[in-house]
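Data file: structure39.csv. Format and content: CSV, C-alpha atoms and all ligand atoms.
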```csv
chain,number,residue,atom,x,y,z
A,765,MET,CA,19.5,9.9,-7.5
A,766,ALA,CA,22.4,7.4,-7.7
A,767,HIS,CA,22.0,4.3,-9.8
A,768,GLY,CA,25.6,3.4,-9.4
A,769,GLY,CA,26.4,-0.2,-8.4
A,770,THR,CA,23.2,-1.7,-9.8
A,771,ASP,CA,22.9,-3.8,-12.9
A,772,GLU,CA,19.8,-2.0,-14.1
A,773,ARG,CA,17.8,-5.0,-15.0
A,774,SER,CA,14.5,-3.9,-13.7
A,775,TRP,CA,13.5,-0.8,-11.8
A,776,VAL,CA,10.6,1.3,-10.8
A,777,GLU,CA,10.4,5.1,-11.3
A,778,VAL,CA,8.4,6.7,-8.5
A,779,ASP,CA,7.2,10.2,-9.2
A,780,LEU,CA,7.2,12.0,-5.9
A,781,ALA,CA,5.5,15.1,-7.3
A,782,ARG,CA,2.5,12.9,-8.0
A,783,ILE,CA,2.5,11.4,-4.5
A,784,ARG,CA,2.6,15.0,-3.2
A,785,ALA,CA,-0.3,16.0,-5.5
A,786,ASN,CA,-2.3,12.9,-4.6
A,787,ALA,CA,-1.8,13.8,-0.9
A,788,ALA,CA,-3.0,17.4,-1.5
A,789,ALA,CA,-6.1,16.1,-3.4
A,790,LEU,CA,-6.9,13.7,-0.5
A,791,VAL,CA,-6.4,16.5,2.0
A,792,ARG,CA,-9.0,18.6,0.2
A,793,VAL,CA,-11.5,15.7,0.0
A,794,ALA,CA,-11.0,14.8,3.6
A,795,ALA,CA,-11.1,18.3,5.2
A,796,PRO,CA,-11.8,19.1,7.9
A,797,ALA,CA,-10.6,15.6,8.8
A,798,ARG,CA,-6.8,15.3,8.6
A,799,LEU,CA,-4.9,12.9,6.4
A,800,MET,CA,-2.8,10.1,7.8
A,801,ALA,CA,-0.6,8.7,5.0
A,802,VAL,CA,-0.3,4.9,5.2
A,803,VAL,CA,3.3,4.0,4.3
A,804,LYS,CA,3.5,0.5,5.6
A,805,ALA,CA,5.3,-2.3,3.7
A,806,ASP,CA,7.9,0.2,2.5
A,807,GLY,CA,5.3,2.6,1.3
A,808,TYR,CA,3.4,-0.1,-0.6
A,809,GLY,CA,6.7,-0.9,-2.3
A,810,HIS,CA,7.3,2.7,-3.4
A,811,GLY,CA,9.8,3.5,-0.7
A,812,ALA,CA,8.5,4.5,2.7
A,813,VAL,CA,10.9,7.4,3.4
A,814,PRO,CA,10.5,9.4,0.1
A,815,VAL,CA,6.8,8.7,0.0
A,816,ALA,CA,6.4,9.9,3.6
A,817,ARG,CA,8.2,13.1,2.8
A,818,ALA,CA,6.2,13.7,-0.3
A,819,ALA,CA,2.9,13.0,1.5
A,820,LEU,CA,3.8,15.4,4.3
A,821,ALA,CA,4.8,18.0,1.7
A,822,GLY,CA,1.4,17.6,0.2
A,823,GLY,CA,-0.3,18.3,3.5
A,824,ALA,CA,-0.6,15.0,5.3
A,825,SER,CA,-0.6,15.4,9.1
A,826,ALA,CA,0.5,12.0,10.2
A,827,LEU,CA,1.9,8.7,9.0
A,828,ALA,CA,1.0,5.1,9.7
A,829,VAL,CA,3.1,1.9,9.4
A,830,ALA,CA,2.4,-1.8,10.1
A,831,THR,CA,5.3,-2.6,12.3
A,832,LEU,CA,7.5,-1.1,15.0
A,833,THR,CA,10.6,-1.5,12.8
A,834,GLU,CA,9.0,0.4,10.0
A,835,GLY,CA,8.2,3.3,12.3
A,836,GLU,CA,11.8,3.3,13.6
A,837,ALA,CA,13.1,3.5,10.0
A,838,LEU,CA,11.1,6.7,9.4
A,839,ARG,CA,12.4,8.3,12.6
A,840,GLN,CA,15.9,7.3,11.7
A,841,ALA,CA,15.5,9.1,8.4
A,842,GLY,CA,14.7,12.2,10.4
A,843,ILE,CA,10.9,12.3,9.9
A,844,ASP,CA,9.2,14.1,12.7
A,845,ALA,CA,5.5,13.7,12.1
A,846,PRO,CA,3.2,11.6,14.3
A,847,ILE,CA,3.5,7.9,13.4
A,848,LEU,CA,0.9,5.3,14.3
A,849,VAL,CA,2.0,1.6,14.4
A,850,PHE,CA,-0.9,-0.6,13.4
A,851,ALA,CA,0.5,-3.8,15.0
A,852,PRO,CA,-0.5,-4.3,18.7
A,853,ALA,CA,2.3,-2.8,20.8
A,854,ARG,CA,4.3,-5.5,22.6
A,855,PRO,CA,4.9,-4.5,26.2
A,856,ASP,CA,8.4,-5.9,26.1
A,857,LEU,CA,9.2,-3.5,23.3
A,858,ALA,CA,7.7,-0.4,25.0
A,859,ARG,CA,11.2,1.1,25.3
A,860,ARG,CA,11.4,1.4,21.5
A,861,TYR,CA,8.0,3.1,21.2
A,862,VAL,CA,9.1,5.6,23.8
A,863,ALA,CA,12.5,6.2,22.3
A,864,HIS,CA,11.1,6.9,18.8
A,865,ARG,CA,7.9,8.7,20.0
A,866,LEU,CA,5.7,6.2,18.1
A,867,LEU,CA,1.9,6.0,18.7
A,868,ALA,CA,1.1,2.5,20.0
A,869,THR,CA,-2.0,0.4,19.1
A,870,VAL,CA,-3.8,-1.2,22.0
A,871,VAL,CA,-6.1,-4.1,21.2
A,872,ASP,CA,-7.2,-5.7,24.5
A,873,TRP,CA,-7.2,-5.1,28.3
A,874,ASP,CA,-4.3,-7.5,29.2
A,875,GLN,CA,-2.0,-5.9,26.7
A,876,ALA,CA,-3.1,-2.4,27.8
A,877,GLN,CA,-2.3,-3.2,31.4
A,878,ALA,CA,1.1,-4.7,30.6
A,879,LEU,CA,2.0,-1.8,28.3
A,880,ALA,CA,1.0,0.7,31.0
A,881,GLN,CA,3.2,-1.1,33.5
A,882,ALA,CA,6.1,-1.2,31.0
A,883,ALA,CA,5.8,2.5,30.4
A,884,ARG,CA,5.7,3.2,34.2
A,885,GLU,CA,8.9,1.2,34.6
A,886,LEU,CA,10.5,3.3,32.0
A,887,GLY,CA,9.3,6.4,33.7
A,888,ALA,CA,7.6,7.3,30.5
A,889,GLU,CA,4.2,8.1,29.1
A,890,LEU,CA,3.1,6.2,25.9
A,891,THR,CA,0.5,7.7,23.6
A,892,VAL,CA,-2.0,5.1,22.4
A,893,HIS,CA,-4.8,4.5,20.0
A,894,VAL,CA,-7.3,1.9,20.9
A,895,LYS,CA,-8.4,-0.5,18.2
A,896,VAL,CA,-12.0,-1.7,18.0
A,897,ASP,CA,-13.1,-4.7,16.0
A,898,THR,CA,-16.5,-3.6,14.5
A,899,GLY,CA,-16.6,-6.6,12.1
A,900,MET,CA,-13.2,-7.1,10.5
A,901,GLY,CA,-12.6,-10.0,12.8
A,902,ARG,CA,-8.9,-9.4,13.0
A,903,LEU,CA,-7.9,-7.4,16.1
A,904,GLY,CA,-9.3,-5.1,18.7
A,905,PHE,CA,-11.8,-4.8,21.5
A,906,LEU,CA,-15.4,-5.7,20.6
A,907,PRO,CA,-17.4,-2.4,20.8
A,908,GLU,CA,-19.1,-3.4,24.1
A,909,GLU,CA,-15.8,-4.4,25.7
A,910,ALA,CA,-14.3,-1.0,24.6
A,911,LEU,CA,-17.2,0.8,26.2
A,912,ALA,CA,-17.0,-1.2,29.4
A,913,ARG,CA,-13.3,-0.8,29.7
A,914,TRP,CA,-13.0,2.8,28.5
A,915,GLU,CA,-12.7,4.6,31.9
A,916,ALA,CA,-10.3,2.0,33.2
A,917,LEU,CA,-8.2,2.4,30.0
A,918,ALA,CA,-8.2,6.1,30.4
A,919,ALA,CA,-7.2,5.8,34.0
A,920,LEU,CA,-4.1,3.6,33.3
A,921,GLU,CA,-1.0,5.5,34.4
A,922,GLY,CA,1.7,5.3,31.8
A,923,LEU,CA,-0.7,5.5,28.9
A,924,THR,CA,-2.2,8.6,27.3
A,925,LEU,CA,-5.3,7.7,25.5
A,926,GLU,CA,-5.3,9.8,22.3
A,927,GLY,CA,-7.1,7.8,19.7
A,928,LEU,CA,-9.9,5.3,18.9
A,929,TYR,CA,-10.1,3.5,15.6
A,930,THR,CA,-11.6,0.7,13.6
A,931,HIS,CA,-11.0,-0.9,10.2
A,932,LEU,CA,-13.6,-1.6,7.5
A,933,ALA,CA,-13.7,-4.9,5.7
A,934,THR,CA,-15.8,-4.1,2.7
A,935,ALA,CA,-15.4,-0.4,2.1
A,936,ASP,CA,-14.5,-1.0,-1.6
A,937,GLU,CA,-17.3,-3.6,-2.4
A,938,ALA,CA,-20.4,-2.9,-4.4
A,939,GLU,CA,-22.6,-4.1,-1.6
A,940,THR,CA,-22.7,-1.5,1.2
A,941,ALA,CA,-24.9,-3.2,3.8
A,942,TYR,CA,-22.0,-4.7,5.7
A,943,VAL,CA,-19.9,-1.5,5.8
A,944,ARG,CA,-22.9,0.3,7.0
A,945,LEU,CA,-23.4,-2.3,9.8
A,946,GLN,CA,-19.8,-1.9,10.8
A,947,TRP,CA,-20.2,1.9,10.8
A,948,GLU,CA,-23.3,1.8,13.0
A,949,ARG,CA,-21.4,-0.3,15.5
A,950,PHE,CA,-18.6,2.2,15.6
A,951,GLN,CA,-20.8,5.3,15.6
A,952,GLY,CA,-22.8,3.7,18.4
A,953,LEU,CA,-19.6,3.4,20.5
A,954,ILE,CA,-18.6,6.9,19.7
A,955,ASP,CA,-22.0,8.2,20.7
A,956,HIS,CA,-21.9,6.4,24.0
A,957,LEU,CA,-18.4,7.8,24.8
A,958,ASP,CA,-19.5,11.3,23.7
A,959,ALA,CA,-22.5,11.1,26.0
A,960,ARG,CA,-20.2,10.4,28.9
A,961,GLY,CA,-17.7,13.1,27.9
A,962,LEU,CA,-15.1,10.4,27.1
A,963,ARG,CA,-14.5,10.8,23.4
A,964,PRO,CA,-10.8,10.8,22.7
A,965,PRO,CA,-9.4,13.6,20.5
A,966,VAL,CA,-8.6,11.4,17.4
A,967,VAL,CA,-11.3,9.1,16.2
A,968,HIS,CA,-10.7,7.4,12.8
A,969,GLY,CA,-12.2,4.6,10.6
A,970,ALA,CA,-11.7,5.4,6.9
A,971,ASN,CA,-9.3,3.8,4.5
A,972,SER,CA,-9.0,5.1,0.9
A,973,ALA,CA,-12.3,3.6,-0.3
A,974,ALA,CA,-14.3,4.9,2.7
A,975,LEU,CA,-12.7,8.3,2.4
A,976,LEU,CA,-13.7,8.6,-1.2
A,977,ARG,CA,-17.1,7.0,-0.9
A,978,LEU,CA,-18.6,7.3,2.5
A,979,PRO,CA,-18.2,10.9,3.8
A,980,GLU,CA,-19.6,10.1,7.2
A,981,THR,CA,-16.6,7.9,7.9
A,982,ARG,CA,-14.1,10.8,7.7
A,983,LEU,CA,-14.4,11.8,11.4
A,984,ASP,CA,-11.1,13.4,12.7
A,985,LEU,CA,-8.6,11.6,10.5
A,986,VAL,CA,-8.5,9.4,7.4
A,987,ARG,CA,-6.0,6.6,6.8
A,988,ALA,CA,-5.2,6.5,3.1
A,989,GLY,CA,-2.9,4.1,1.4
A,990,LEU,CA,-3.8,3.0,-2.0
A,991,ALA,CA,-5.2,6.4,-3.1
A,992,LEU,CA,-2.0,8.1,-2.0
A,993,TYR,CA,-0.1,6.1,-4.6
A,994,GLY,CA,-2.6,7.2,-7.2
A,995,ILE,CA,-4.8,4.1,-7.5
A,996,LEU,CA,-8.5,4.3,-7.0
A,997,PRO,CA,-10.2,1.5,-5.1
A,998,PRO,CA,-13.1,-0.2,-6.9
A,999,ASN,CA,-16.6,1.2,-6.5
A,1000,VAL,CA,-15.6,4.7,-5.6
A,1001,PRO,CA,-16.8,7.7,-7.6
A,1002,GLN,CA,-14.2,8.8,-10.1
A,1003,ARG,CA,-14.4,12.5,-9.1
A,1004,THR,CA,-11.0,12.7,-7.3
A,1005,ARG,CA,-8.2,13.1,-9.8
A,1006,LEU,CA,-5.3,10.9,-8.7
A,1007,GLN,CA,-2.1,10.1,-10.6
A,1008,PRO,CA,-0.4,6.7,-10.4
A,1009,ALA,CA,3.1,7.4,-9.1
A,1010,LEU,CA,4.9,4.2,-10.1
A,1011,THR,CA,6.2,2.9,-13.4
A,1012,TRP,CA,7.9,-0.4,-13.6
A,1013,LYS,CA,10.4,-0.9,-16.3
A,1014,CYS,CA,13.0,-3.5,-17.4
A,1015,ARG,CA,15.8,-3.9,-19.8
A,1016,ILE,CA,15.5,-5.8,-23.1
A,1017,THR,CA,18.6,-8.1,-23.0
A,1018,ALA,CA,18.2,-9.8,-26.4
A,1019,VAL,CA,16.1,-9.6,-29.6
A,1020,ARG,CA,16.1,-12.6,-31.8
A,1021,THR,CA,14.1,-14.1,-34.6
A,1022,LEU,CA,13.2,-17.7,-33.9
A,1023,PRO,CA,11.9,-20.2,-36.5
A,1024,ALA,CA,8.4,-21.4,-36.7
A,1025,GLY,CA,7.8,-24.5,-34.5
A,1026,TRP,CA,10.3,-23.3,-31.8
A,1027,GLY,CA,9.6,-24.0,-28.2
A,1028,ILE,CA,9.7,-21.1,-25.6
A,1029,SER,CA,10.4,-21.4,-21.9
A,1030,TYR,CA,10.0,-24.1,-19.3
A,1031,GLY,CA,7.4,-26.7,-20.1
A,1032,ILE,CA,7.2,-25.5,-23.8
A,1033,GLU,CA,3.7,-24.1,-23.2
A,1034,HIS,CA,4.3,-21.8,-26.2
A,1035,VAL,CA,5.5,-23.0,-29.6
A,1036,THR,CA,6.0,-20.4,-32.3
A,1037,TRP,CA,3.6,-20.8,-35.3
A,1038,ARG,CA,5.5,-18.4,-37.5
A,1039,PRO,CA,9.0,-17.0,-37.6
A,1040,THR,CA,8.8,-15.0,-34.4
A,1041,ARG,CA,10.7,-12.0,-33.2
A,1042,VAL,CA,11.3,-12.5,-29.5
A,1043,ALA,CA,12.6,-10.0,-27.0
A,1044,THR,CA,14.1,-11.4,-23.8
A,1045,LEU,CA,13.4,-9.2,-20.8
A,1046,ALA,CA,15.5,-8.9,-17.6
A,1047,VAL,CA,12.7,-9.5,-15.2
A,1048,GLY,CA,11.1,-12.6,-13.6
A,1049,TYR,CA,9.2,-13.9,-10.7
A,1050,ALA,CA,12.1,-13.2,-8.3
A,1051,ASP,CA,11.5,-9.5,-9.1
A,1052,GLY,CA,7.8,-9.8,-8.4
A,1053,TYR,CA,6.8,-10.3,-12.0
A,1054,ARG,CA,4.8,-13.3,-10.9
A,1055,ARG,CA,4.6,-16.7,-12.6
A,1056,ALA,CA,0.9,-16.3,-12.8
A,1057,LEU,CA,1.6,-13.9,-15.7
A,1058,SER,CA,2.9,-16.7,-17.9
A,1059,GLY,CA,1.2,-16.7,-21.3
A,1060,ARG,CA,-1.2,-14.1,-20.2
A,1061,ALA,CA,0.3,-10.6,-19.6
A,1062,GLN,CA,1.4,-7.9,-22.0
A,1063,VAL,CA,4.2,-5.4,-21.8
A,1064,LEU,CA,4.6,-2.1,-23.5
A,1065,ILE,CA,7.5,-1.7,-26.0
A,1066,GLN,CA,7.7,1.5,-28.0
A,1067,GLY,CA,4.0,2.2,-27.0
A,1068,HIS,CA,2.8,-1.2,-28.3
A,1069,ARG,CA,1.3,-4.0,-26.3
A,1070,CYS,CA,3.5,-7.2,-26.7
A,1071,PRO,CA,2.3,-10.5,-25.3
A,1072,VAL,CA,4.3,-12.7,-22.9
A,1073,LEU,CA,5.2,-16.0,-24.5
A,1074,GLY,CA,5.2,-19.1,-22.3
A,1075,ARG,CA,6.2,-19.3,-18.7
A,1076,VAL,CA,7.7,-16.4,-16.7
A,1077,THR,CA,11.0,-17.7,-15.3
A,1078,MET,CA,12.8,-16.6,-12.2
A,1079,ASP,CA,14.9,-13.9,-13.8
A,1080,GLN,CA,13.7,-13.6,-17.4
A,1081,VAL,CA,10.6,-13.5,-19.6
A,1082,MET,CA,10.1,-13.6,-23.3
A,1083,VAL,CA,7.7,-11.4,-25.3
A,1084,ASP,CA,6.5,-11.5,-28.9
A,1085,ILE,CA,7.6,-8.4,-30.9
A,1086,THR,CA,7.0,-9.7,-34.4
A,1087,ASP,CA,4.3,-7.1,-35.1
A,1088,LEU,CA,6.4,-4.2,-33.8
A,1089,GLU,CA,7.6,-2.1,-36.7
A,1090,GLU,CA,10.0,0.1,-34.8
A,1091,ASP,CA,13.3,-0.9,-33.3
A,1092,PRO,CA,12.4,-2.2,-29.9
A,1093,GLY,CA,15.1,-0.1,-28.2
A,1094,GLN,CA,16.4,-1.1,-24.7
A,1095,GLU,CA,13.4,-0.9,-22.4
A,1096,ALA,CA,10.0,-2.5,-21.8
A,1097,ILE,CA,7.3,-1.1,-19.5
A,1098,LEU,CA,5.7,-3.7,-17.3
A,1099,LEU,CA,3.3,-1.4,-15.3
A,1100,GLY,CA,2.3,2.2,-16.1
A,1101,GLY,CA,3.2,4.2,-19.2
A,1102,SER,CA,1.2,6.9,-20.8
A,1103,GLY,CA,-1.7,7.0,-23.2
A,1104,PRO,CA,-4.6,4.6,-23.8
A,1105,LEU,CA,-2.4,1.5,-23.9
A,1106,ALA,CA,-0.8,2.2,-20.5
A,1107,ILE,CA,-0.9,-0.9,-18.2
A,1108,GLU,CA,-2.9,0.0,-15.2
A,1109,ALA,CA,-2.2,-1.5,-11.8
A,1110,TRP,CA,-5.6,-3.1,-11.8
A,1111,GLU,CA,-5.0,-4.7,-15.2
A,1112,LEU,CA,-1.6,-6.2,-14.2
A,1113,ALA,CA,-3.2,-7.3,-10.9
A,1114,ARG,CA,-6.0,-9.1,-12.8
A,1115,TRP,CA,-3.5,-10.9,-15.0
A,1116,MET,CA,-1.8,-12.0,-11.7
A,1117,GLY,CA,-5.0,-13.0,-10.1
A,1118,THR,CA,-4.6,-10.5,-7.3
A,1119,ILE,CA,-5.0,-6.8,-6.4
A,1120,PRO,CA,-2.7,-3.8,-6.8
A,1121,TYR,CA,-1.7,-3.9,-3.1
A,1122,GLU,CA,-0.1,-7.3,-3.7
A,1123,VAL,CA,1.5,-6.2,-7.0
A,1124,PHE,CA,3.2,-3.3,-5.3
A,1125,THR,CA,4.3,-5.0,-2.1
A,1126,GLY,CA,5.5,-8.0,-4.2
A,1127,LEU,CA,8.1,-5.8,-5.9
A,1128,SER,CA,11.2,-7.5,-4.6
A,1129,PRO,CA,14.3,-5.7,-3.2
A,1130,ARG,CA,16.1,-6.6,-6.5
A,1131,VAL,CA,13.9,-4.0,-8.3
A,1132,GLU,CA,15.8,-0.7,-7.9
A,1133,ARG,CA,13.7,2.2,-6.8
A,1134,ARG,CA,14.4,5.5,-8.6
A,1135,TYR,CA,12.8,8.8,-7.7
A,1136,LEU,CA,11.6,11.5,-10.0
A,1137,GLY,CA,10.2,14.9,-9.1
A,1138,GLU,CA,12.3,14.9,-6.0
A,1139,LEU,CA,11.3,17.6,-3.5
A,1140,ASP,CA,13.7,20.4,-2.5
A,1141,GLY,CA,15.1,20.3,1.0
B,1201,LIG,C1,-3.5,-0.7,5.2
B,1201,LIG,C2,-4.4,0.0,6.1
B,1201,LIG,C3,-5.1,1.2,5.7
B,1201,LIG,C4,-5.0,1.8,4.3
B,1201,LIG,O1,-5.8,1.1,3.4
B,1201,LIG,P1,-6.0,1.6,1.9
B,1201,LIG,O2,-7.0,0.7,1.3
B,1201,LIG,O3,-4.7,1.3,1.2
B,1201,LIG,O4,-6.3,3.0,1.9
B,1201,LIG,C5,-5.9,1.8,6.6
B,1201,LIG,N1,-6.0,1.3,7.9
B,1201,LIG,C6,-5.4,0.2,8.3
B,1201,LIG,C7,-5.7,-0.3,9.7
B,1201,LIG,C8,-4.6,-0.6,7.4
B,1201,LIG,O5,-4.1,-1.7,7.8
```
As C-alpha cells:
Amino acid sequence: MAHGGTDERSWVEVDLARIRANAAALVRVAAPARLMAVVKADGYGHGAVPVARAALAGGASALAVATLTEGEALRQAGIDAPILVFAPARPDLARRYVAHRLLATVVDWDQAQALAQAARELGAELTVHVKVDTGMGRLGFLPEEALARWEALAALEGLTLEGLYTHLATADEAETAYVRLQWERFQGLIDHLDARGLRPPVVHGANSAALLRLPETRLDLVRAGLALYGILPPNVPQRTRLQPALTWKCRITAVRTLPAGWGISYGIEHVTWRPTRVATLAVGYADGYRRALSGRAQVLIQGHRCPVLGRVTMDQVMVDITDLEEDPGQEAILLGGSGPLAIEAWELARWMGTIPYEVFTGLSPRVERRYLGELDG
C-alpha cells in the first residue's frame, strides 16, 4: 500500500475484508441465486479492481460495470470472472468485447442485428444479455417486443443469448405497488418464454434493495452494488448485517483562535460570535466535499462532532473546534468512523441533498484510495 508521492490532504480508507464479508453475507441471502457484484464507476468510488477481487473472494460469481472501458480495466488487471457491461454494446466496438470476453447488453432489434453481423465479421461469437424495459423507461425492449423477437434473437448467428434482465425503478421506496407492477410484467415475459422452452440460462432483475426486500426477484442472479459497499438501501429489513467499507479522512492544516466578530469563508456567511477555535481542513468541493455542505455538515475530530463554518471552498473547509477539550491532532473524519457519533453515508448524503451513490461516485481522483485488510494472493 504505497502512499508515496501524494500530499496526503484527503484520502479514503477502504476495508477490503469488509467488502469480502458483505459479499459473503449477500451470497447467503441470495442463494441459490448467484451474486453479481456491481463495480461500475470505479467500484462506486471505492476502486473497481480491489473491490472486484474482494467480492470474488467473498463468493461473488460475476461482476458488472457500466461501460466497456470499465470492463477492459478489470480484464487488464487480470480478473477472470464473467463481466457484464450494462451499456448497450456498440456494434463498431464489438472487437473489444470479443478481445476481453465481456458480456454484452442488447437493447433493441437493430442493435442486435448489427452486433451479430459485427461478430460474424470478426469470426467470433459474442455472449449477450437482453435488456427489457419493464417500467424504468431508460433502455431495453418492451416486454411484448422481447417476446415477439425472442426466437429471431436466439437465431442470430454471431450472438449467444445467455441472459435476460430488467431494472427496477422503485425497489427502495416505501410504496411497493409500482415495483410489483414491473415484476408482474417481467414475470409474465419469463413465463411466456418458459412455456415455449425459450428461457435463457441467466435471468436477473434484483438490485440491492430488491435482493434484500423482495425474495421473488432473486431468480438466477442478483446484481448488488450499494449493499456490497456496506450501505443498506432505504425500506429494506435490517436483518442482513453489512459493514460500511469506506472511511473518508482529511488532514487538519491549521488550528487558530479567531476573535469574536471575525468573518469566515467566501461571502462571510458565518461571523464568529465568540472567540472561536477554528480548524482548517485540507478538503473542499474539488475533492467531492460538496459546496452544499456549507454551514450544514459536521466532521468528526477526536470522536466529537464539529460543525462546518461558512462556505466550503474548492480546496479547504473550516470547522469549529472551540468545544473540543482535547488536542485536535492531525486528522478529521468526513465520513465513517466508529461509535454512535460515526457519520453515516446517508447522513452525509442528506446534508448534501443527495444519496450515498452520488457521495461515493463524487469522490474526486484527488482523494487518494488506501486499502486495509488486503487479501492474500
Ligand atoms: C447500478 C445498477 C445496479 C446496482 O444497484 P444497487 O442499488 O447499487 O444495488 C443493478 N443493476 C443495474 C442495471 C444498475 O445500473
>> I'd like to know which of A:Val943, A:Ala1061, A:Ala1043, A:Val802 is closest to Met900 of chain A, using all atoms listed in the file.
In response: A:Val943
> Taking all atoms listed in the file into account, which of A:Gly961, A:Pro1092, A:Pro998, A:Gly901 comes nearest Pro1120 of chain A?
Replying inline: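 Residue with the minimum atom-to-atom distance to Pro1120 of chain A: A:Pro998.
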>> To check your reading of the model: which residues sit at most 7 Å from ligand LIG 1201 (chain B) when counting all atoms listed in the file? Write the answer as a ChimeraX atom specification.
In response: /A:802,830,850,931,970-973,987-991
Keeping only C-alpha atoms, write those residues as an mmCIF file, in the coordinates of the input.
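Result went into again23.cif, see below:
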```
data_model
loop_
_atom_site.group_PDB
_atom_site.id
_atom_site.type_symbol
_atom_site.label_atom_id
_atom_site.label_comp_id
_atom_site.auth_asym_id
_atom_site.auth_seq_id
_atom_site.Cartn_x
_atom_site.Cartn_y
_atom_site.Cartn_z
ATOM 1 C CA VAL A 802 -0.300 4.900 5.200
ATOM 2 C CA ALA A 830 2.400 -1.800 10.100
ATOM 3 C CA PHE A 850 -0.900 -0.600 13.400
ATOM 4 C CA HIS A 931 -11.000 -0.900 10.200
ATOM 5 C CA ALA A 970 -11.700 5.400 6.900
ATOM 6 C CA ASN A 971 -9.300 3.800 4.500
ATOM 7 C CA SER A 972 -9.000 5.100 0.900
ATOM 8 C CA ALA A 973 -12.300 3.600 -0.300
ATOM 9 C CA ARG A 987 -6.000 6.600 6.800
ATOM 10 C CA ALA A 988 -5.200 6.500 3.100
ATOM 11 C CA GLY A 989 -2.900 4.100 1.400
ATOM 12 C CA LEU A 990 -3.800 3.000 -2.000
ATOM 13 C CA ALA A 991 -5.200 6.400 -3.100
#
```
>> At a cut-off of 10 Å, using all atoms listed in the file, what residues contact Ala821 of chain A? Leave out same-chain residues fewer than 5 positions from it and give the result as a PyMOL selection string.
In response: chain A and resi 780-781+783-785+787-788+815-816+1139
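The space separating atom CA of Ser1058 of chain A from atom CA of Asp1084 of chain A comes to 12.7 Å.
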Skipping near chain neighbours, those fewer than 5 positions away, what residues fall within 6 Å of Val871 of chain A using only C-alpha atoms, listed as a compact mmCIF listing (two decimals) with C-alpha atoms, in the coordinates of the input?
```
# COMPACT_ATOMS: atom_id res chain seq x y z
CA LYS A 895 -8.40 -0.50 18.20
CA GLY A 904 -9.30 -5.10 18.70
CA PHE A 905 -11.80 -4.80 21.50
```
>> Just to confirm, what's the straight-line distance from atom CA of Val778 of chain A to atom CA of Ile995 of chain A in Å (one decimal)?
In response: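 The value is 13.5 Å.
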>> Could you check the closest approach to Thr1077 of chain A for each of A:Ala837, A:Val1047, A:Leu945, A:Cys1014 and tell me which residue wins, using all atoms listed in the file?
In response: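 Between A:Ala837, A:Val1047, A:Leu945, A:Cys1014, the residue approaching Thr1077 of chain A most closely is A:Val1047.
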>> When you count all atoms listed in the file, which of these residues is closest to Pro997 of chain A: A:Glu889, A:Arg1020, A:Glu915, A:Ala1109?
In response: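 Distance minimum relative to Pro997 of chain A lands on A:Ala1109.
Taking all atoms listed in the file into account, Ala841 of chain A lies nearest to A:His864 out of the set A:Arg949, A:Arg1134, A:His864, A:Arg773.
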> Which residues, written as number ranges by chain, have at least one atom at most 9 Å from Trp947 of chain A, with only C-alpha atoms counted and residues fewer than 5 positions away on the same chain left out?
Replying inline: A: 898, 932, 942, 952, 969, 980-981
> What does the distance from atom CA of Gln951 of chain A to atom CA of Val793 of chain A come to in Å, to one decimal?
Replying inline: 20.9 Å
>> Considering all atoms listed in the file, can you say which of A:Pro814, A:Pro855, A:Gly1048, A:Gly1025 comes closest to Ile843 of chain A?
In response: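 Checking each candidate against Ile843 of chain A, we get A:Pro814 as the closest.
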> Hey, what's within 10 Å of Glu1033 of chain A if we count only C-alpha atoms and toss same-chain stuff fewer than 4 positions away? As JSON, numbers by chain, please?
Replying inline: {"A": [1027, 1028, 1029, 1058, 1059, 1073, 1074, 1075]}
> Using all atoms listed in the file, which residues sit within 9 Å of Ala1018 of chain A once same-chain residues fewer than 5 positions away are excluded, as a PyMOL selection string?
Replying inline: chain A and resi 1042-1045
